[in-house]
file query-v1.cif (mmCIF, C-alpha atoms)
data_my_file
#
loop_
_atom_site.label_atom_id
_atom_site.label_comp_id
_atom_site.auth_asym_id
_atom_site.auth_seq_id
_atom_site.Cartn_x
_atom_site.Cartn_y
_atom_site.Cartn_z
CA MET A 1 -28.19 -23.04 -6.72
CA VAL A 2 -29.83 -21.05 -3.93
CA TRP A 3 -28.31 -23.47 -1.39
CA LEU A 4 -24.89 -23.06 -3.00
CA LEU A 5 -25.06 -19.27 -2.80
CA LEU A 6 -26.13 -19.26 0.85
CA MET A 7 -23.46 -21.77 1.86
CA ALA A 8 -20.71 -19.93 -0.01
CA SER A 9 -21.65 -16.63 1.58
CA SER A 10 -21.59 -18.17 5.06
CA TRP A 11 -17.86 -18.88 4.60
CA ALA A 12 -17.25 -15.13 4.45
CA GLN A 13 -17.65 -14.87 8.23
CA ASP A 14 -14.01 -15.82 8.68
CA PHE A 15 -12.72 -13.82 5.72
CA ASP A 16 -11.29 -10.38 5.21
CA PHE A 17 -13.48 -8.21 3.03
CA GLY A 18 -12.74 -6.35 -0.14
CA GLU A 19 -10.28 -3.85 -1.46
CA SER A 20 -10.65 -0.13 -2.04
CA SER A 21 -10.47 -0.43 -5.86
CA ASP A 22 -12.89 -2.67 -7.74
CA PRO A 23 -12.27 -4.80 -10.82
CA VAL A 24 -14.30 -3.62 -13.80
CA THR A 25 -16.27 -5.81 -16.20
CA THR A 26 -16.95 -4.74 -19.77
CA ALA A 27 -19.60 -5.37 -22.40
CA ASP A 28 -17.25 -7.84 -24.13
CA SER A 29 -16.54 -9.94 -21.05
CA PRO A 30 -18.48 -10.68 -17.87
CA VAL A 31 -15.21 -11.09 -15.97
CA GLY A 32 -12.96 -8.32 -14.68
CA GLY A 33 -9.96 -8.41 -12.43
CA LEU A 34 -7.40 -6.39 -10.54
CA VAL A 35 -3.90 -7.36 -9.43
CA ARG A 36 -2.29 -5.21 -6.75
CA PHE A 37 0.92 -4.99 -4.77
CA ALA A 38 0.41 -2.86 -1.67
CA GLY A 39 2.42 -1.65 1.28
CA ARG A 40 0.78 -0.07 4.32
CA ARG A 41 2.89 1.10 7.24
CA ARG A 42 2.30 2.80 10.56
CA VAL A 43 4.62 5.76 10.64
CA ASP A 44 3.93 7.24 14.08
CA GLY A 45 4.22 5.70 17.54
CA ARG A 46 3.72 1.96 17.05
CA GLN A 47 5.69 1.82 13.80
CA ARG A 48 5.36 -1.39 11.80
CA TRP A 49 4.20 -2.81 8.49
CA VAL A 50 0.44 -3.44 8.51
CA ASP A 51 0.16 -4.88 5.02
CA LEU A 52 2.85 -5.89 2.55
CA GLY A 53 2.27 -8.14 -0.42
CA PRO A 54 0.19 -8.96 -3.48
CA SER A 55 -3.54 -9.44 -3.89
CA ALA A 56 -5.80 -10.41 -6.77
CA SER A 57 -9.48 -9.47 -7.15
CA LEU A 58 -12.05 -10.95 -9.50
CA ARG A 59 -15.56 -9.86 -10.42
CA PHE A 60 -18.10 -11.87 -12.42
CA ASP A 61 -21.31 -10.31 -13.77
CA GLU A 62 -23.39 -12.34 -16.22
CA SER A 63 -27.02 -11.67 -17.16
CA GLY A 64 -29.40 -13.75 -19.26
CA ARG A 65 -32.89 -15.19 -19.36
CA ALA A 66 -32.28 -16.94 -16.04
CA GLY A 67 -31.41 -13.63 -14.36
CA GLN A 68 -28.16 -12.11 -13.17
CA LEU A 69 -25.33 -13.99 -11.47
CA PHE A 70 -22.87 -11.68 -9.73
CA GLY A 71 -19.82 -12.43 -7.66
CA GLU A 72 -16.87 -10.46 -6.33
CA GLY A 73 -13.97 -11.68 -4.23
CA SER A 74 -10.23 -11.75 -3.94
CA ILE A 75 -7.26 -13.33 -2.25
CA ARG A 76 -4.48 -11.50 -0.43
CA VAL A 77 -1.03 -12.56 0.72
CA ASN A 78 0.18 -10.35 3.57
CA GLY A 79 3.84 -10.77 4.43
CA ALA A 80 3.76 -8.08 7.12
CA TYR A 81 2.95 -10.53 9.94
CA ARG A 82 5.97 -12.73 9.24
CA LEU A 83 8.23 -9.72 8.60
CA GLU A 84 7.26 -8.10 11.91
CA GLY A 85 7.68 -11.33 13.91
CA ASP A 86 4.02 -11.73 14.89
CA PRO A 87 3.02 -14.98 16.66
CA ASN A 88 2.63 -18.10 14.54
CA ALA A 89 -1.10 -18.19 15.27
CA VAL A 90 -1.50 -14.77 13.64
CA VAL A 91 0.62 -15.77 10.64
CA ARG A 92 -1.37 -18.97 10.10
CA ARG A 93 -4.72 -17.21 10.40
CA TYR A 94 -4.08 -14.02 8.44
CA GLU A 95 -1.10 -14.39 6.11
CA VAL A 96 -3.20 -15.77 3.24
CA GLU A 97 -6.79 -14.54 3.25
CA PRO A 98 -9.56 -15.32 0.78
CA GLN A 99 -12.03 -12.47 0.57
CA LEU A 100 -15.67 -12.68 -0.48
CA ARG A 101 -17.61 -9.44 -0.87
CA GLU A 102 -20.74 -10.48 -2.78
CA LEU A 103 -22.18 -13.58 -4.42
CA TYR A 104 -25.83 -13.56 -5.46
CA TRP A 105 -28.43 -14.48 -8.05
CA ARG A 106 -31.01 -11.86 -9.07
CA LEU A 107 -34.16 -12.55 -11.11
CA PRO A 108 -36.57 -9.89 -12.47
CA LEU A 109 -40.20 -11.05 -12.62
CA GLY A 110 -42.64 -8.44 -13.91
CA PRO A 111 -42.65 -5.48 -11.52
CA THR A 112 -40.60 -7.43 -8.96
CA THR A 113 -36.95 -8.37 -8.54
CA TRP A 114 -35.81 -11.29 -6.37
CA THR A 115 -32.29 -11.57 -4.97
CA VAL A 116 -30.77 -14.54 -3.14
CA GLY A 117 -27.23 -14.80 -1.78
CA ASP A 118 -24.56 -12.70 -0.17
CA VAL A 119 -25.52 -9.15 -1.15
CA VAL A 120 -24.77 -5.59 -0.04
CA THR A 121 -28.05 -3.78 0.73
CA SER A 122 -27.52 -0.01 0.82
CA TRP A 123 -30.64 1.85 1.86
CA GLY A 124 -28.89 4.90 3.29
CA VAL A 125 -28.24 8.24 1.57
CA ALA A 126 -25.24 9.48 3.57
CA ASP A 127 -21.72 8.64 2.35
CA LEU A 128 -19.37 9.52 5.22
CA LEU A 129 -21.41 8.95 8.41
CA THR A 130 -24.30 6.67 7.49
CA VAL A 131 -26.54 5.16 10.20
CA ALA A 132 -29.11 3.56 7.86
CA ASP A 133 -27.25 0.51 6.55
CA ARG A 134 -28.04 -2.13 9.18
CA LEU A 135 -27.77 -5.36 7.19
CA ASN A 136 -24.26 -5.14 5.76
CA VAL A 137 -21.10 -6.55 7.33
CA THR A 138 -18.33 -4.08 8.24
CA ASP A 139 -14.59 -4.73 8.43
CA HIS A 140 -13.55 -2.75 11.53
CA SER A 141 -9.85 -3.08 10.74
CA ARG A 142 -10.48 -0.68 7.84
CA ALA A 143 -12.80 1.76 9.65
CA LEU A 144 -11.64 5.41 9.56
CA PHE A 145 -9.00 4.46 6.97
CA GLU A 146 -11.73 4.20 4.31
CA ASP A 147 -15.28 5.41 3.66
CA PRO A 148 -18.02 3.23 5.20
CA VAL A 149 -19.21 1.84 1.85
CA ASP A 150 -15.69 0.56 1.12
CA THR A 151 -15.67 -1.46 4.36
CA PHE A 152 -19.01 -3.19 3.63
CA SER A 153 -19.47 -6.74 2.45
CA GLY A 154 -22.63 -8.66 1.74
CA GLN A 155 -25.09 -10.26 4.12
CA ASN A 156 -26.85 -13.61 3.59
CA THR A 157 -30.12 -12.32 2.23
CA VAL A 158 -33.34 -13.30 0.50
CA ARG A 159 -34.78 -10.03 -0.81
CA GLY A 160 -37.80 -9.06 -2.86
CA ASP A 161 -38.29 -5.61 -4.43
CA LEU A 162 -41.60 -4.41 -5.91
CA TYR A 163 -41.56 -1.37 -8.24
CA LEU A 164 -44.73 0.64 -8.86
CA GLY A 165 -43.99 3.81 -10.79
CA ASP A 166 -41.87 6.10 -8.65
CA GLN A 167 -42.45 3.94 -5.55
CA SER A 168 -40.70 0.77 -4.42
CA PHE A 169 -41.31 -1.75 -1.64
CA SER A 170 -38.51 -3.99 -0.36
CA LEU A 171 -38.46 -6.88 2.08
CA ALA A 172 -35.22 -8.59 3.16
CA VAL A 173 -34.88 -11.75 5.27
CA VAL A 174 -31.56 -12.89 6.75
CA PRO A 175 -31.78 -16.60 7.64
CA TRP A 176 -28.09 -17.09 8.51
CA PRO A 177 -26.45 -13.87 9.75
CA LEU A 178 -22.89 -12.73 9.18
CA PHE A 179 -21.29 -10.30 11.63
CA ASP A 180 -18.69 -7.55 11.57
CA ARG A 181 -15.04 -8.48 11.22
CA VAL A 182 -13.20 -7.55 14.42
CA MET A 183 -9.58 -8.44 15.18
CA ASP A 184 -8.76 -10.16 18.47
CA GLY A 185 -5.97 -12.15 20.11
CA ASP A 186 -2.42 -11.18 19.17
CA HIS A 187 -3.32 -9.48 15.91
CA PRO A 188 -1.66 -6.03 15.71
CA ALA A 189 -5.10 -4.42 15.30
CA SER A 190 -6.68 -6.47 18.09
CA GLN A 191 -9.35 -4.82 20.21
CA THR A 192 -8.71 -7.40 22.96
CA PRO A 193 -4.89 -7.77 22.95
CA GLY A 194 -3.73 -11.24 23.91
CA THR A 195 -7.27 -12.65 24.20
CA ARG A 196 -9.28 -14.53 21.58
CA LEU A 197 -13.00 -13.83 21.68
CA ARG A 198 -15.12 -16.94 22.11
CA PHE A 199 -17.98 -17.19 19.63
CA ASP A 200 -20.16 -20.26 19.18
CA ARG A 201 -22.88 -19.99 16.56
CA ASP A 202 -24.74 -22.82 18.31
CA ASP A 203 -25.43 -20.36 21.14
CA LEU A 204 -27.50 -18.16 18.82
CA ASP A 205 -31.27 -18.43 18.76
CA TRP A 206 -32.01 -18.81 15.07
CA THR A 207 -34.76 -16.25 14.77
CA PRO A 208 -34.36 -14.81 11.27
CA GLU A 209 -33.64 -11.14 10.81
CA ILE A 210 -36.13 -9.14 8.78
CA ALA A 211 -36.10 -5.60 7.39
CA GLY A 212 -38.31 -3.66 5.03
CA ARG A 213 -38.38 -0.35 3.20
CA TRP A 214 -40.81 1.84 1.28
CA ALA A 215 -39.20 4.43 -0.99
CA LEU A 216 -40.50 7.26 -3.14
CA ASP A 217 -38.25 8.83 -5.79
CA SER A 218 -40.04 11.73 -7.41
CA GLY A 219 -37.97 14.17 -9.44
CA PRO A 220 -35.60 16.14 -7.23
CA PHE A 221 -36.97 14.63 -4.00
CA SER A 222 -36.72 11.17 -2.50
CA VAL A 223 -37.84 9.70 0.80
CA GLY A 224 -37.59 6.26 2.37
CA LEU A 225 -39.25 4.71 5.42
CA MET A 226 -37.72 1.55 6.81
CA GLY A 227 -37.50 -0.66 9.85
CA GLY A 228 -36.55 -4.11 10.96
CA TYR A 229 -35.71 -6.66 13.61
CA VAL A 230 -31.98 -7.43 13.27
CA ARG A 231 -28.89 -8.33 15.29
CA ASN A 232 -26.15 -5.94 16.31
CA ARG A 233 -23.43 -6.46 13.68
CA ALA A 234 -20.55 -5.31 15.87
CA PRO A 235 -19.87 -7.72 18.75
CA VAL A 236 -20.80 -6.88 22.31
CA VAL A 237 -18.13 -8.51 24.48
CA THR A 238 -19.16 -10.16 27.75
CA ALA A 239 -17.06 -11.90 30.41
CA LEU A 240 -17.68 -15.35 31.86
CA LEU A 241 -16.00 -16.93 34.89
CA ASP A 242 -15.57 -20.70 34.73
CA PRO A 243 -13.11 -23.20 36.31
CA SER A 244 -10.56 -22.46 33.55
CA GLY A 245 -10.61 -18.74 34.32
CA LEU A 246 -12.03 -15.63 32.70
CA ARG A 247 -13.34 -15.99 29.14
CA LEU A 248 -14.43 -13.22 26.79
CA THR A 249 -17.37 -13.97 24.51
CA ARG A 250 -18.77 -11.97 21.60
CA THR A 251 -22.56 -11.72 21.53
CA HIS A 252 -24.98 -10.58 18.83
CA GLU A 253 -28.52 -9.99 20.08
CA HIS A 254 -31.66 -8.82 18.32
CA TYR A 255 -33.07 -5.30 18.47
CA ALA A 256 -35.73 -3.34 16.58
CA TYR A 257 -35.15 -0.16 14.62
CA GLY A 258 -37.04 2.25 12.43
CA GLY A 259 -36.20 5.38 10.52
CA LEU A 260 -36.35 7.52 7.43
CA THR A 261 -34.04 8.86 4.76
CA ALA A 262 -34.58 11.85 2.52
CA THR A 263 -32.81 13.77 -0.24
CA ALA A 264 -33.57 17.01 -2.06
CA ALA A 265 -31.65 18.12 -5.15
CA ALA A 266 -31.37 21.70 -6.37
CA ALA A 267 -28.35 21.89 -8.67
CA PRO A 268 -25.55 22.15 -7.78
CA VAL A 269 -26.55 21.07 -4.21
CA LEU A 270 -27.87 17.76 -2.90
CA LEU A 271 -29.28 17.79 0.64
CA LYS A 272 -29.59 14.50 2.53
CA ALA A 273 -30.74 13.25 5.92
CA GLU A 274 -31.09 10.03 7.91
CA VAL A 275 -33.07 9.80 11.17
CA PHE A 276 -33.28 6.49 13.04
CA TYR A 277 -34.54 5.13 16.34
CA ASP A 278 -33.05 2.00 17.96
CA HIS A 279 -35.17 0.16 20.51
CA ASP A 280 -33.19 -1.77 23.16
CA ARG A 281 -30.09 -2.07 21.05
CA PRO A 282 -27.31 -4.03 22.87
CA VAL A 283 -24.16 -1.98 23.49
CA GLN A 284 -20.76 -2.59 25.04
CA ALA A 285 -20.57 -2.42 28.83
CA ALA A 286 -17.68 -0.91 30.76
CA PRO A 287 -15.20 -3.54 32.08
CA GLU A 288 -16.62 -3.51 35.60
CA TRP A 289 -20.06 -4.49 34.22
CA MET A 290 -19.00 -7.15 31.70
CA LEU A 291 -19.91 -10.09 33.96
CA GLU A 292 -23.56 -9.03 33.76
CA ALA A 293 -25.98 -9.07 30.84
CA PRO A 294 -25.08 -6.43 28.25
CA PRO A 295 -26.88 -3.10 28.65
CA SER A 296 -29.23 -1.91 25.92
CA VAL A 297 -30.15 1.58 24.82
CA ARG A 298 -33.06 3.37 23.23
CA GLN A 299 -31.37 5.84 20.99
CA VAL A 300 -32.04 8.40 18.27
CA SER A 301 -29.38 8.88 15.56
CA THR A 302 -29.49 11.70 13.03
CA VAL A 303 -27.29 12.49 10.04
CA VAL A 304 -27.68 15.65 7.96
CA GLY A 305 -25.46 16.65 5.09
CA ALA A 306 -25.00 18.27 1.72
CA ASP A 307 -23.02 17.64 -1.48
CA LEU A 308 -21.90 20.60 -3.58
CA ASN A 309 -20.98 19.85 -7.20
CA LEU A 310 -18.42 22.37 -8.45
CA GLY A 311 -18.15 20.85 -11.91
CA ARG A 312 -14.52 20.74 -12.98
CA GLY A 313 -13.72 22.25 -9.59
CA GLY A 314 -14.61 18.98 -7.88
CA MET A 315 -17.11 17.89 -5.22
CA VAL A 316 -17.51 18.97 -1.59
CA SER A 317 -19.42 16.84 0.92
CA VAL A 318 -20.30 17.83 4.49
CA GLU A 319 -22.10 15.53 6.95
CA GLY A 320 -22.86 15.78 10.66
CA LEU A 321 -23.99 13.01 13.01
CA GLY A 322 -25.58 13.14 16.43
CA GLN A 323 -26.59 10.22 18.66
CA LEU A 324 -28.65 10.75 21.80
CA PRO A 325 -29.88 8.01 24.18
CA MET A 326 -33.36 8.36 25.61
CA GLU A 327 -32.02 7.60 29.11
CA PRO A 328 -28.46 7.87 30.53
CA ASP A 329 -26.73 4.66 31.61
CA ASP A 330 -23.52 4.59 33.66
CA ARG A 331 -22.75 1.00 32.60
CA LEU A 332 -21.80 1.92 29.03
CA ALA A 333 -18.18 1.61 27.90
CA GLU A 334 -18.46 4.82 25.88
CA PRO A 335 -20.22 8.10 26.74
CA ASP A 336 -23.94 8.31 26.02
CA ASN A 337 -23.78 11.17 23.53
CA ARG A 338 -21.84 10.99 20.27
CA TRP A 339 -21.16 13.74 17.76
CA GLN A 340 -19.24 13.66 14.50
CA LEU A 341 -18.56 16.05 11.64
CA ALA A 342 -17.02 14.93 8.35
CA VAL A 343 -15.90 16.99 5.34
CA ALA A 344 -14.64 15.57 2.04
CA TYR A 345 -13.30 17.20 -1.11
CA SER A 346 -12.50 15.36 -4.33
CA VAL A 347 -11.36 16.63 -7.72
CA PRO A 348 -10.04 15.07 -10.95
CA LEU A 349 -6.88 16.66 -12.33
CA TYR A 350 -4.50 16.35 -15.26
CA ASN A 351 -7.09 15.35 -17.88
CA ASP A 352 -8.86 13.13 -15.33
CA ARG A 353 -5.79 10.91 -14.93
CA LEU A 354 -5.02 12.17 -11.41
CA ASP A 355 -7.61 11.88 -8.63
CA LEU A 356 -7.24 13.85 -5.40
CA ARG A 357 -9.47 13.35 -2.36
CA ALA A 358 -9.17 14.76 1.15
CA VAL A 359 -11.32 13.78 4.14
CA GLY A 360 -11.41 15.33 7.59
CA MET A 361 -13.42 14.13 10.58
CA TRP A 362 -14.04 15.52 14.06
CA ILE A 363 -15.22 13.03 16.72
CA GLU A 364 -16.74 13.81 20.13
CA PRO A 365 -16.64 13.02 23.01
CA SER A 366 -13.32 11.33 22.17
CA ARG A 367 -11.90 14.75 21.24
CA GLY A 368 -10.42 13.26 18.09
CA ILE A 369 -9.51 14.44 14.62
CA VAL A 370 -8.94 12.14 11.64
CA GLY A 371 -7.44 13.34 8.36
CA ARG A 372 -6.99 11.37 5.16
CA LEU A 373 -5.44 12.30 1.80
CA ASP A 374 -5.81 10.06 -1.28
CA LEU A 375 -4.00 10.35 -4.60
CA GLY A 376 -4.49 8.08 -7.59
CA TYR A 377 -2.76 8.33 -10.95
CA ASP A 378 -3.71 6.38 -14.09
CA VAL A 379 -0.37 5.61 -15.74
CA THR A 380 -2.18 3.81 -18.59
CA GLU A 381 -5.67 2.42 -19.08
CA SER A 382 -4.59 -0.67 -17.15
CA TRP A 383 -1.89 0.51 -14.73
CA ARG A 384 -2.57 2.74 -11.74
CA VAL A 385 -0.59 4.02 -8.75
CA ALA A 386 -2.48 4.93 -5.56
CA ALA A 387 -1.25 6.55 -2.35
CA ARG A 388 -2.98 7.38 0.94
CA TYR A 389 -1.88 9.06 4.15
CA THR A 390 -4.03 8.90 7.29
CA VAL A 391 -3.34 10.92 10.44
CA PHE A 392 -5.00 10.70 13.87
CA SER A 393 -5.04 13.10 16.80
CA PHE A 394 -6.96 12.15 19.97
CA GLU A 395 -6.78 13.95 23.31
CA ASP A 396 -8.19 10.86 25.04
CA ASP A 397 -5.13 8.82 26.09
CA GLU A 398 -7.18 5.60 26.20
CA ILE A 399 -7.62 5.60 22.41
CA PRO A 400 -4.61 3.86 20.79
CA LEU A 401 -5.36 5.27 17.33
CA ASP A 402 -3.36 8.35 18.27
CA ASP A 403 -0.24 6.31 17.41
CA ASP A 404 -1.61 4.77 14.20
CA ASP A 405 -0.80 7.36 11.52
CA ARG A 406 -0.40 5.34 8.34
CA ALA A 407 1.10 5.67 4.86
CA ASP A 408 -0.20 3.42 2.05
CA LEU A 409 1.17 2.87 -1.46
CA ALA A 410 -0.21 0.47 -4.10
CA ILE A 411 0.54 -0.43 -7.71
CA GLU A 412 -2.47 -1.87 -9.55
CA TYR A 413 -3.14 -3.59 -12.87
CA GLY A 414 -6.75 -3.90 -14.03
CA PHE A 415 -8.06 -6.22 -16.72
#
call {"tool": "encode", "arguments": {"input": "query-v1.cif", "output": "structure tokens"}}
result
Amino acid sequence: MVWLLLMASSWAQDFDFGESSDPVTTADSPVGGLVRFAGRRRVDGRQRWVDLGPSASLRFDESGRAGQLFGEGSIRVNGAYRLEGDPNAVVRRYEVEPQLRELYWRLPLGPTTWTVGDVVTSWGVADLLTVADRLNVTDHSRALFEDPVDTFSGQNTVRGDLYLGDQSFSLAVVPWPLFDRVMDGDHPASQTPGTRLRFDRDDLDWTPEIAGRWALDSGPFSVGLMGGYVRNRAPVVTALLDPSGLRLTRTHEHYAYGGLTATAAAAPVLLKAEVFYDHDRPVQAAPEWMLEAPPSVRQVSTVVGADLNLGRGGMVSVEGLGQLPMEPDDRLAEPDNRWQLAVAYSVPLYNDRLDLRAVGMWIEPSRGIVGRLDLGYDVTESWRVAARYTVFSFEDDEIPLDDDDRADLAIEYGF
């Protein structure tokens, strides 16, 4: 069974990941599902359909004496590629996509819990700008259009958790890593237009990844100390000259990290912080340096934020992020320093049948602003209509997102 879970989760490397709404299981049935028809369209600059078609999601959650078996996945049919006349290679690869988010077996044994499979491990406390979640896989085609947690999918993991009162100790081992989903080739969201990224898993040295955490949750305060030796999830692209020409290859090298998380609650406010240090983390080189070994940085990343619960008036979240390298490096594709500020407001309306959420984000040094407005209306207990509008404004002309304002509309049926 363990072998089956690890093999099934390894297939997810070539899949799309997740949907923004989750199927819900009930006490009467371990199975829940969601059927959706969605349309997503760029409405500014590079106008086109991004997504158009149905999808079906399924979640299974069964617990018994042998532990818990949990799985969540879906399949999506996207007619936008054929409608927009994208190349046949894109249609064949992306028109019908199975999606696996999690598949794992969990067994409690005394004060311990053991988990094996494809599982999301969330050790961070920030919601909008987290830097703590290093094990999960991210779908970059959905970044900025959704919150980070909604873009995560599980990592192949063997994890043990030990609980002693208000303390916990966790150790996670990744024997077969999965990496972030990044579009390439002729895909409309490609980060390397016209060029497929070469990636051969046989080129990886199979040193397992390992990460651990100690956490203390005592009343209104919590703190966590963690660290690990993992691979960079996002690809670092390098160039190689051979007799056939120039080839681009995605690489995923190991680096060490350590950090802490903390929260403090004093109703109606929750304060939160994440502080992390990366040691020799591989980063993307500027084009003129891509024929050489990728540069690495020693970097400190800090997130501080607060949530304000206004009761029936909704919830306000504010988070700020700063990243500072220990030494400057002119070879980097992006500037050394990075600053972000994110603000979110959400409120239920109309007897909790209408949900409104607004998110704004300021990004430096790209001099960018991202705004997102979400509306969801429960027509019945099973039927729901959801709409989203995302707008981008970047002063940096080299960032194509400035032409990617998008309008989304979905009709959903949950069971």
call {"tool": "atom_distance", "arguments": {"input": "query-v1.cif", "atom1": "CA of Glu253 (chain A)", "atom2": "CA of Ala234 (chain A)"}}
result
10.2 Å
call {"tool": "residues_around", "arguments": {"input": "query-v1.cif", "residues": "Pro328 (chain A)", "least_positions_apart": "2", "cutoff": "12 Å", "atoms": "all atoms listed in the file", "output": "list in words"}}
result
Pro295, Ser296, Val297, Arg298, Gln299, Leu324, Pro325, Met326, Asp330, Arg331, Leu332, Glu334, Pro335, Asp336 and Asn337 of chain A
call {"tool": "resolve_selection", "arguments": {"input": "query-v1.cif", "expression": "the PyMOL selection byres ((chain A and resi 273-287) around 6)", "output": "list in words"}}
result
Val236, Tyr255, Ala256, Tyr257, Gly258, Gly259, Leu260, Thr261, Ala262, Lys272, Glu288, Trp289, Met290, Pro295, Ser296, Val297, Arg298, Gln299, Val300, Ser301, Thr302, Val303, Val304, Arg331, Leu332 and Ala333 of chain A
call {"tool": "residues_around", "arguments": {"input": "query-v1.cif", "residues": "region 191-199 of chain A", "least_positions_apart": "2", "cutoff": "6 Å", "atoms": "all atoms listed in the file", "output": "PyMOL selection string"}}
result
chain A and resi 184-186+248-250
call {"tool": "write_last_selection", "arguments": {"input": "query-v1.cif", "atoms": "C-alpha atoms", "output": "short mmCIF file (atom, residue, chain, number, x, y, z; two decimals), in the frame of the given file"}}
result
data_model
loop_
_atom_site.label_atom_id
_atom_site.label_comp_id
_atom_site.auth_asym_id
_atom_site.auth_seq_id
_atom_site.Cartn_x
_atom_site.Cartn_y
_atom_site.Cartn_z
CA ASP A 184 -8.76 -10.16 18.47
CA GLY A 185 -5.97 -12.15 20.11
CA ASP A 186 -2.42 -11.18 19.17
CA LEU A 248 -14.43 -13.22 26.79
CA THR A 249 -17.37 -13.97 24.51
CA ARG A 250 -18.77 -11.97 21.60
#
call {"tool": "resolve_selection", "arguments": {"input": "query-v1.cif", "expression": "the PyMOL selection byres ((chain A and resi 370) around 8)", "output": "number ranges by chain"}}
result
A: 144, 360-362, 368-369, 371-372, 390-393
call {"tool": "resolve_selection", "arguments": {"input": "query-v1.cif", "expression": "the PyMOL selection byres ((chain A and resi 356) around 8)", "output": "PDB file with C-alpha atoms, in the coordinates of the input"}}
result
ATOM      1  CA  SER A 346     -12.500  15.360  -4.330  1.00  0.00           C
ATOM      2  CA  VAL A 347     -11.360  16.630  -7.720  1.00  0.00           C
ATOM      3  CA  PRO A 348     -10.040  15.070 -10.950  1.00  0.00           C
ATOM      4  CA  LEU A 349      -6.880  16.660 -12.330  1.00  0.00           C
ATOM      5  CA  LEU A 354      -5.020  12.170 -11.410  1.00  0.00           C
ATOM      6  CA  ASP A 355      -7.610  11.880  -8.630  1.00  0.00           C
ATOM      7  CA  ARG A 357      -9.470  13.350  -2.360  1.00  0.00           C
ATOM      8  CA  ALA A 358      -9.170  14.760   1.150  1.00  0.00           C
ATOM      9  CA  LEU A 373      -5.440  12.300   1.800  1.00  0.00           C
ATOM     10  CA  ASP A 374      -5.810  10.060  -1.280  1.00  0.00           C
ATOM     11  CA  LEU A 375      -4.000  10.350  -4.600  1.00  0.00           C
ATOM     12  CA  GLY A 376      -4.490   8.080  -7.590  1.00  0.00           C
TER      13      GLY A 376
END
call {"tool": "atom_distance", "arguments": {"input": "query-v1.cif", "atom1": "CA of Val174 (chain A)", "atom2": "CA of Glu292 (chain A)"}}
result
28.4 Å
call {"tool": "residues_around", "arguments": {"input": "query-v1.cif", "residues": "Glu319 (chain A)", "least_positions_apart": "4", "cutoff": "7 Å", "atoms": "all atoms listed in the file", "output": "VMD selection string"}}
result
chain A and resid 128 to 129 303 to 306 341 to 343
call {"tool": "atom_distance", "arguments": {"input": "query-v1.cif", "atom1": "CA of Glu364 (chain A)", "atom2": "CA of Val131 (chain A)"}}
result
16.4 Å
call {"tool": "closest_residue", "arguments": {"input": "query-v1.cif", "among": "A:Ala38, A:Met183, A:Val149, A:Val137", "to": "Arg76 (chain A)", "atoms": "only C-alpha atoms"}}
result
A:Ala38
call {"tool": "closest_residue", "arguments": {"input": "query-v1.cif", "among": "A:Arg181, A:Leu409, A:Arg101, A:Asp147", "to": "Ala126 (chain A)", "atoms": "only C-alpha atoms"}}
result
A:Asp147
call {"tool": "residues_around", "arguments": {"input": "query-v1.cif", "residues": "Val90 (chain A)", "least_positions_apart": "3", "cutoff": "10 Å", "atoms": "all atoms listed in the file", "output": "mmCIF file with C-alpha atoms, in the frame of the given file"}}
result
data_model
loop_
_atom_site.group_PDB
_atom_site.id
_atom_site.type_symbol
_atom_site.label_atom_id
_atom_site.label_comp_id
_atom_site.auth_asym_id
_atom_site.auth_seq_id
_atom_site.Cartn_x
_atom_site.Cartn_y
_atom_site.Cartn_z
ATOM 1 C CA TYR A 81 2.950 -10.530 9.940
ATOM 2 C CA ARG A 82 5.970 -12.730 9.240
ATOM 3 C CA GLY A 85 7.680 -11.330 13.910
ATOM 4 C CA ASP A 86 4.020 -11.730 14.890
ATOM 5 C CA PRO A 87 3.020 -14.980 16.660
ATOM 6 C CA ARG A 93 -4.720 -17.210 10.400
ATOM 7 C CA TYR A 94 -4.080 -14.020 8.440
ATOM 8 C CA GLU A 95 -1.100 -14.390 6.110
ATOM 9 C CA ASP A 184 -8.760 -10.160 18.470
ATOM 10 C CA GLY A 185 -5.970 -12.150 20.110
ATOM 11 C CA ASP A 186 -2.420 -11.180 19.170
ATOM 12 C CA HIS A 187 -3.320 -9.480 15.910
ATOM 13 C CA PRO A 188 -1.660 -6.030 15.710
#
call {"tool": "closest_residue", "arguments": {"input": "query-v1.cif", "among": "A:Pro294, A:Leu241, A:Gly67, A:Tyr345", "to": "Gly313 (chain A)", "atoms": "only C-alpha atoms"}}
result
A:Tyr345
call {"tool": "residues_around", "arguments": {"input": "query-v1.cif", "residues": "Arg338 (chain A)", "least_positions_apart": "6", "cutoff": "9 Å", "atoms": "only C-alpha atoms", "output": "compact mmCIF listing (two decimals) with C-alpha atoms, in the coordinates of the input"}}
result
# COMPACT_ATOMS: atom_id res chain seq x y z
CA LEU A 321 -23.99 13.01 13.01
CA GLY A 322 -25.58 13.14 16.43
CA GLN A 323 -26.59 10.22 18.66
CA LEU A 324 -28.65 10.75 21.80
CA ILE A 363 -15.22 13.03 16.72
CA GLU A 364 -16.74 13.81 20.13
CA PRO A 365 -16.64 13.02 23.01
CA SER A 366 -13.32 11.33 22.17
call {"tool": "closest_residue", "arguments": {"input": "query-v1.cif", "among": "A:Asp205, A:Asp127, A:Asp133, A:Glu102", "to": "Gly154 (chain A)", "atoms": "all atoms listed in the file"}}
result
A:Glu102
